[in-house]
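**Q** What follows is a single structure, and I will ask about it in a moment.
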Amino acid sequence: MFQLSVRHRRRILVADLVSTAVFPLAITGSTAVIPAATADLPGNDALGPWIVVGYNGLFAAALLLAGVLADRTSRTKFFALGNVVVAVAGVLSAFAPDLGALVALRVLAGVGAAMCAAGGSAMVLAVYPPEDRHRVYGYVGAVLGTSLALGPFAAQGLMALGGWPMVFVVPAAVAGLAVVLSIGLPSLRTRDLPPEFDLAGAVIFGLTIAAAVTAFGFALPVWATLVLLIAAAGGTAVLVRVERRTADPAIPLDLLRIPAYRAYALGTGAFMGVLVVGLTVLPQLGADLGPGQVGLLLSLLTIPSTLLPLLAARIARRWAAPLVITALLTCVATAVALQLTDAPPALFIGTALLGISLGLTEGVPDGQALQHVPAHRGGAGAALFSTTRMTVETLTLAAATGTATLLTP
């Protein structure tokens, strides 16, 4: 642990929170601009979905490598550099001459976002002791929940204000603010690290995860999905061989042997799966309702994540596991109940129960799991946690989408 003043620790947390607010807006915003950007820019229209696929895929691929690098370098400078990359890529995206250039810039932004996420977590875990992390991640959960809830509305508002380029410029400005906030912070560099660096393991792991997430998470042509799945399977086989021969593996799989870390990583993935499935399915379930009622449904699902995370952090001080278990069981019971009736009152009540369950667990699994991560491995530990969450979330959405396709024409 780095012993810093309260002022410096708060500055580190604020810089991380500002940077964290960019991620949901970048994802929802990129999704919203696809039709407008595809129509406005020259290039093959098939590149349009890759505005999102490129960002998400490279974020997944680079996350673990970024976490390892953050732990081995100056954490604050690595974090600031990631935000510089996000800011520059965002501004240039607004002036992209064609779709190919825009996709390339979103790929670059995905790499920068991975650096921000890993560097921010590495900073926070290096200066906040385990007993304070539930409170810290209560703030992180509140920021993420608010950004997720407001992201779609903000994206539409920015497009109405200045067209699709504004959706890239505003997150770039927020990332620039995070850079400013990181100026003058201590370096937070760990000394006396082992000279060996498992670069091969980190790269292979990242590419394997990116291939799997892209294959399951996006509606790609069948041949592309098969190629990605074969690549993911081959990457897994190669990764096992590489890691067995490495004295100091980059992938902190030993953390997955800790029951609490493993359980909370899977739990938060399940909650995010409920959220993304809900955002996808609720407008379809409410197709017979008016636009205002559909908006109310989405608000019931997302707004609790802006209001409840700080309360959740207080509850988690003593009852974290019961809170998460109760929320998971509530999601299961609600899903079962919604199979039995399609009456609008049941839909509204069920959505409210899901929203409350998500809001009361926003940030709780993160804080509980990352209590078990040593300060000097914070970047890699947080990156593995996020990768697990992203993988479970993506597989959940893919399974739900496939099931819906089979059951309804």
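Going by the structure tokens order, chains are called A, B, ..., each with residues numbered from 1, while ligands are numbered from 1 in the order shown.
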So that I can check the surroundings of region 251-267 of chain A, please list as a compact mmCIF listing (two decimals) with N, CA and C atoms, in the first residue's frame every protein, DNA and RNA residue that reaches within 8 Å of it, counting only C-alpha atoms and ignoring chain neighbours fewer than 2 positions away.
**A**
# COMPACT_ATOMS: atom_id res chain seq x y z
N LEU A 64 -6.63 -6.96 -19.85
CA LEU A 64 -5.71 -7.65 -18.94
C LEU A 64 -4.28 -7.17 -19.14
N GLY A 201 1.46 -14.37 -22.55
CA GLY A 201 0.24 -14.82 -21.89
C GLY A 201 -0.84 -13.75 -21.88
N ALA A 202 -0.45 -12.50 -21.57
CA ALA A 202 -1.41 -11.41 -21.52
C ALA A 202 -2.02 -11.14 -22.90
N PHE A 205 -4.30 -14.13 -24.00
CA PHE A 205 -5.53 -14.09 -23.21
C PHE A 205 -6.47 -13.00 -23.74
N PRO A 249 3.15 -16.07 -14.27
CA PRO A 249 2.10 -15.83 -15.26
C PRO A 249 1.48 -14.44 -15.09
N GLY A 269 -21.39 -10.38 -13.18
CA GLY A 269 -21.67 -10.69 -14.57
C GLY A 269 -23.14 -11.02 -14.78
N ALA A 270 -23.72 -11.76 -13.83
CA ALA A 270 -25.14 -12.10 -13.92
C ALA A 270 -26.01 -10.85 -13.85
N PHE A 271 -25.68 -9.93 -12.93
CA PHE A 271 -26.45 -8.69 -12.82
C PHE A 271 -26.36 -7.86 -14.10
N VAL A 324 -26.40 -9.76 -1.95
CA VAL A 324 -26.20 -10.21 -3.33
C VAL A 324 -27.04 -11.46 -3.60
N LEU A 328 -30.01 -11.79 -6.39
CA LEU A 328 -29.98 -12.80 -7.44
C LEU A 328 -31.26 -13.64 -7.43
N PRO A 365 -20.45 -6.19 -5.53
CA PRO A 365 -19.54 -7.30 -5.84
C PRO A 365 -18.11 -6.83 -6.09
N ASP A 366 -17.95 -5.69 -6.74
CA ASP A 366 -16.61 -5.17 -7.01
C ASP A 366 -15.85 -4.93 -5.72
N GLN A 368 -16.40 -6.09 -2.73
CA GLN A 368 -16.15 -7.31 -1.95
C GLN A 368 -15.07 -8.17 -2.57
N ALA A 369 -15.11 -8.36 -3.88
CA ALA A 369 -14.12 -9.21 -4.54
C ALA A 369 -12.73 -8.59 -4.48
N LEU A 370 -12.64 -7.28 -4.70
CA LEU A 370 -11.33 -6.65 -4.79
C LEU A 370 -10.69 -6.42 -3.42
N HIS A 372 -9.78 -8.84 -1.82
CA HIS A 372 -8.84 -9.96 -1.78
C HIS A 372 -7.67 -9.77 -2.74
N VAL A 373 -7.61 -8.63 -3.43
CA VAL A 373 -6.55 -8.39 -4.40
C VAL A 373 -5.43 -7.60 -3.72
N ALA A 380 -4.07 -5.89 -12.51
CA ALA A 380 -4.36 -7.20 -13.09
C ALA A 380 -5.57 -7.84 -12.43
N GLY A 381 -5.69 -7.71 -11.10
CA GLY A 381 -6.83 -8.29 -10.40
C GLY A 381 -8.15 -7.67 -10.81
N LEU A 384 -8.98 -8.79 -14.47
CA LEU A 384 -9.53 -10.14 -14.56
C LEU A 384 -10.98 -10.15 -14.09
N PHE A 385 -11.28 -9.39 -13.03
CA PHE A 385 -12.65 -9.29 -12.54
C PHE A 385 -13.56 -8.71 -13.63
N SER A 386 -13.13 -7.62 -14.26
CA SER A 386 -13.93 -6.99 -15.31
C SER A 386 -14.08 -7.90 -16.52
N THR A 388 -14.09 -11.20 -16.49
CA THR A 388 -15.06 -12.22 -16.12
C THR A 388 -16.48 -11.67 -16.22
N ARG A 389 -16.68 -10.47 -15.70
CA ARG A 389 -18.00 -9.84 -15.77
C ARG A 389 -18.45 -9.65 -17.23
N VAL A 392 -19.38 -13.09 -18.86
CA VAL A 392 -20.67 -13.62 -18.41
C VAL A 392 -21.81 -12.78 -18.98
**Q** Please provide as a count of residues only all residues within 10 Å of region 26-38 of chain A, with the sequence filter that same-chain residues fewer than 6 positions apart are discarded (counting only C-alpha atoms).
**A** 43
**Q** Please list as a list of chain:residue names every residue within 9 Å of Ala87 (chain A), counting only C-alpha atoms and excluding residues in the same chain fewer than 4 positions away.
**A**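 Those residues are A:Gly82, A:Asn83, A:Val91, A:Leu92, A:Ala109, A:Gly112, A:Phe168, A:Val169, A:Pro171, A:Ala172, A:Ala173, A:Val174, A:Ala175, A:Gly176.
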**Q** Between A:Tyr137, A:Phe348, A:Trp319, A:Phe59, single out the one closest to Val111 (chain A), counting only C-alpha atoms.
**A**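 That would be A:Phe59, the residue with the smallest distance to Val111 (chain A).
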**Q** Do a neighbour search on Thr330 (chain A) at 8 Å with only C-alpha atoms, toss out local chain neighbours closer than 3 positions, and write the hits as an mmCIF file with N, CA, C and O atoms, in the first residue's frame.
**A**
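The resulting out-v1.cif:
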data_model
loop_
_atom_site.group_PDB
_atom_site.id
_atom_site.type_symbol
_atom_site.label_atom_id
_atom_site.label_comp_id
_atom_site.auth_asym_id
_atom_site.auth_seq_id
_atom_site.Cartn_x
_atom_site.Cartn_y
_atom_site.Cartn_z
ATOM 1 N N THR A 326 -29.836 -12.405 -2.101
ATOM 2 C CA THR A 326 -31.249 -12.025 -2.154
ATOM 3 C C THR A 326 -31.581 -11.369 -3.493
ATOM 4 O O THR A 326 -32.631 -11.646 -4.095
ATOM 5 N N ALA A 327 -30.683 -10.502 -3.974
ATOM 6 C CA ALA A 327 -30.926 -9.829 -5.258
ATOM 7 C C ALA A 327 -30.930 -10.823 -6.411
ATOM 8 O O ALA A 327 -31.772 -10.738 -7.319
ATOM 9 N N ALA A 333 -36.747 -15.164 -9.417
ATOM 10 C CA ALA A 333 -38.191 -15.269 -9.157
ATOM 11 C C ALA A 333 -38.980 -14.348 -10.078
ATOM 12 O O ALA A 333 -40.058 -14.721 -10.577
ATOM 13 N N THR A 334 -38.454 -13.156 -10.336
ATOM 14 C CA THR A 334 -39.146 -12.218 -11.225
ATOM 15 C C THR A 334 -39.194 -12.755 -12.646
ATOM 16 O O THR A 334 -40.230 -12.670 -13.331
ATOM 17 N N LEU A 353 -38.788 -4.526 -9.548
ATOM 18 C CA LEU A 353 -38.030 -5.440 -8.696
ATOM 19 C C LEU A 353 -36.636 -5.694 -9.273
ATOM 20 O O LEU A 353 -35.639 -5.736 -8.524
ATOM 21 N N LEU A 354 -36.546 -5.857 -10.590
ATOM 22 C CA LEU A 354 -35.236 -6.032 -11.219
ATOM 23 C C LEU A 354 -34.378 -4.789 -11.019
ATOM 24 O O LEU A 354 -33.189 -4.880 -10.705
ATOM 25 N N SER A 357 -33.112 -4.571 -7.476
ATOM 26 C CA SER A 357 -32.073 -5.581 -7.258
ATOM 27 C C SER A 357 -30.746 -5.130 -7.857
ATOM 28 O O SER A 357 -29.681 -5.293 -7.246
#
**Q** Please, what distance in Å, to one decimal, runs between CA of Ala382 (chain A) and CA of Ala117 (chain A)?
**A** 8.6 Å
**Q** For Gly145 (chain A), which residue among A:Ala15, A:Leu25, A:Ala247, A:Val107 is the nearest when counting only C-alpha atoms?
**A**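 That would be A:Leu25, the residue with the smallest distance to Gly145 (chain A).
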**Q** Give me, as JSON, numbers by chain, all polymer residues having an atom no more than 12 Å from Ala343 (chain A), counting only C-alpha atoms and skipping those fewer than 6 positions away in the same chain.
**A** {"A": [285, 286, 288, 289, 337, 349, 350]}
**Q** Enter the distance from CA of Val127 (chain A) to CA of Gly184 (chain A), in Å, rounded to one decimal.
**A**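 Interatomic distance here is 15.7 Å.
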**Q** May I ask for the distance between CA of Leu301 (chain A) and CA of Thr146 (chain A), given in Å to one decimal place?
**A**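 Here the two named atoms are 11.9 Å from each other.
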**Q** Report the residues of region 29-198 of chain A whose backbone DSSP state falls under helix (DSSP H, G or I), written as a ChimeraX atom specification.
**A** /A:29-40,45-47,50-72,75-94,99-127,130-162,165-182
**Q** Give me the residues within 10 Å of Ala400 (chain A) as a PDB file with N, CA, C and O atoms, in the first residue's frame, counting only C-alpha atoms and dropping any in the same chain fewer than 4 places off.
**A**
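Saved the output as around-v7.pdb:
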ATOM      1  N   GLY A 273     -25.795  -9.028 -17.014  1.00  0.00           N
ATOM      2  CA  GLY A 273     -26.580  -9.752 -18.005  1.00  0.00           C
ATOM      3  C   GLY A 273     -28.058  -9.420 -17.896  1.00  0.00           C
ATOM      4  O   GLY A 273     -28.744  -9.204 -18.903  1.00  0.00           O
ATOM      5  N   VAL A 274     -28.563  -9.345 -16.660  1.00  0.00           N
ATOM      6  CA  VAL A 274     -29.963  -8.958 -16.452  1.00  0.00           C
ATOM      7  C   VAL A 274     -30.210  -7.557 -17.020  1.00  0.00           C
ATOM      8  O   VAL A 274     -31.233  -7.303 -17.670  1.00  0.00           O
ATOM      9  N   VAL A 277     -29.979  -7.556 -21.003  1.00  0.00           N
ATOM     10  CA  VAL A 277     -31.131  -8.267 -21.547  1.00  0.00           C
ATOM     11  C   VAL A 277     -32.397  -7.429 -21.340  1.00  0.00           C
ATOM     12  O   VAL A 277     -33.238  -7.306 -22.232  1.00  0.00           O
ATOM     13  N   THR A 280     -32.706  -4.673 -23.749  1.00  0.00           N
ATOM     14  CA  THR A 280     -33.016  -5.180 -25.090  1.00  0.00           C
ATOM     15  C   THR A 280     -34.459  -5.659 -25.199  1.00  0.00           C
ATOM     16  O   THR A 280     -35.145  -5.405 -26.199  1.00  0.00           O
ATOM     17  N   VAL A 281     -34.937  -6.351 -24.165  1.00  0.00           N
ATOM     18  CA  VAL A 281     -36.215  -7.062 -24.247  1.00  0.00           C
ATOM     19  C   VAL A 281     -37.405  -6.204 -23.820  1.00  0.00           C
ATOM     20  O   VAL A 281     -38.494  -6.321 -24.386  1.00  0.00           O
ATOM     21  N   THR A 394     -21.835 -11.003 -21.740  1.00  0.00           N
ATOM     22  CA  THR A 394     -21.972 -11.236 -23.179  1.00  0.00           C
ATOM     23  C   THR A 394     -22.627 -12.579 -23.459  1.00  0.00           C
ATOM     24  O   THR A 394     -23.502 -12.698 -24.325  1.00  0.00           O
ATOM     25  N   LEU A 395     -22.211 -13.621 -22.739  1.00  0.00           N
ATOM     26  CA  LEU A 395     -22.799 -14.946 -22.932  1.00  0.00           C
ATOM     27  C   LEU A 395     -24.276 -14.948 -22.548  1.00  0.00           C
ATOM     28  O   LEU A 395     -25.097 -15.614 -23.182  1.00  0.00           O
ATOM     29  N   THR A 396     -24.632 -14.195 -21.498  1.00  0.00           N
ATOM     30  CA  THR A 396     -26.033 -14.114 -21.085  1.00  0.00           C
ATOM     31  C   THR A 396     -26.880 -13.471 -22.174  1.00  0.00           C
ATOM     32  O   THR A 396     -27.964 -13.967 -22.517  1.00  0.00           O
ATOM     33  N   ALA A 404     -34.762 -16.212 -27.659  1.00  0.00           N
ATOM     34  CA  ALA A 404     -35.876 -15.426 -28.204  1.00  0.00           C
ATOM     35  C   ALA A 404     -36.065 -15.695 -29.699  1.00  0.00           C
ATOM     36  O   ALA A 404     -37.186 -15.756 -30.203  1.00  0.00           O
ATOM     37  N   THR A 405     -34.954 -15.866 -30.407  1.00  0.00           N
ATOM     38  CA  THR A 405     -35.040 -16.147 -31.846  1.00  0.00           C
ATOM     39  C   THR A 405     -35.696 -17.497 -32.097  1.00  0.00           C
ATOM     40  O   THR A 405     -36.490 -17.666 -33.035  1.00  0.00           O
ATOM     41  N   LEU A 406     -35.390 -18.482 -31.251  1.00  0.00           N
ATOM     42  CA  LEU A 406     -35.970 -19.814 -31.439  1.00  0.00           C
ATOM     43  C   LEU A 406     -37.454 -19.845 -31.076  1.00  0.00           C
ATOM     44  O   LEU A 406     -38.248 -20.532 -31.724  1.00  0.00           O
TER      45      LEU A 406
END
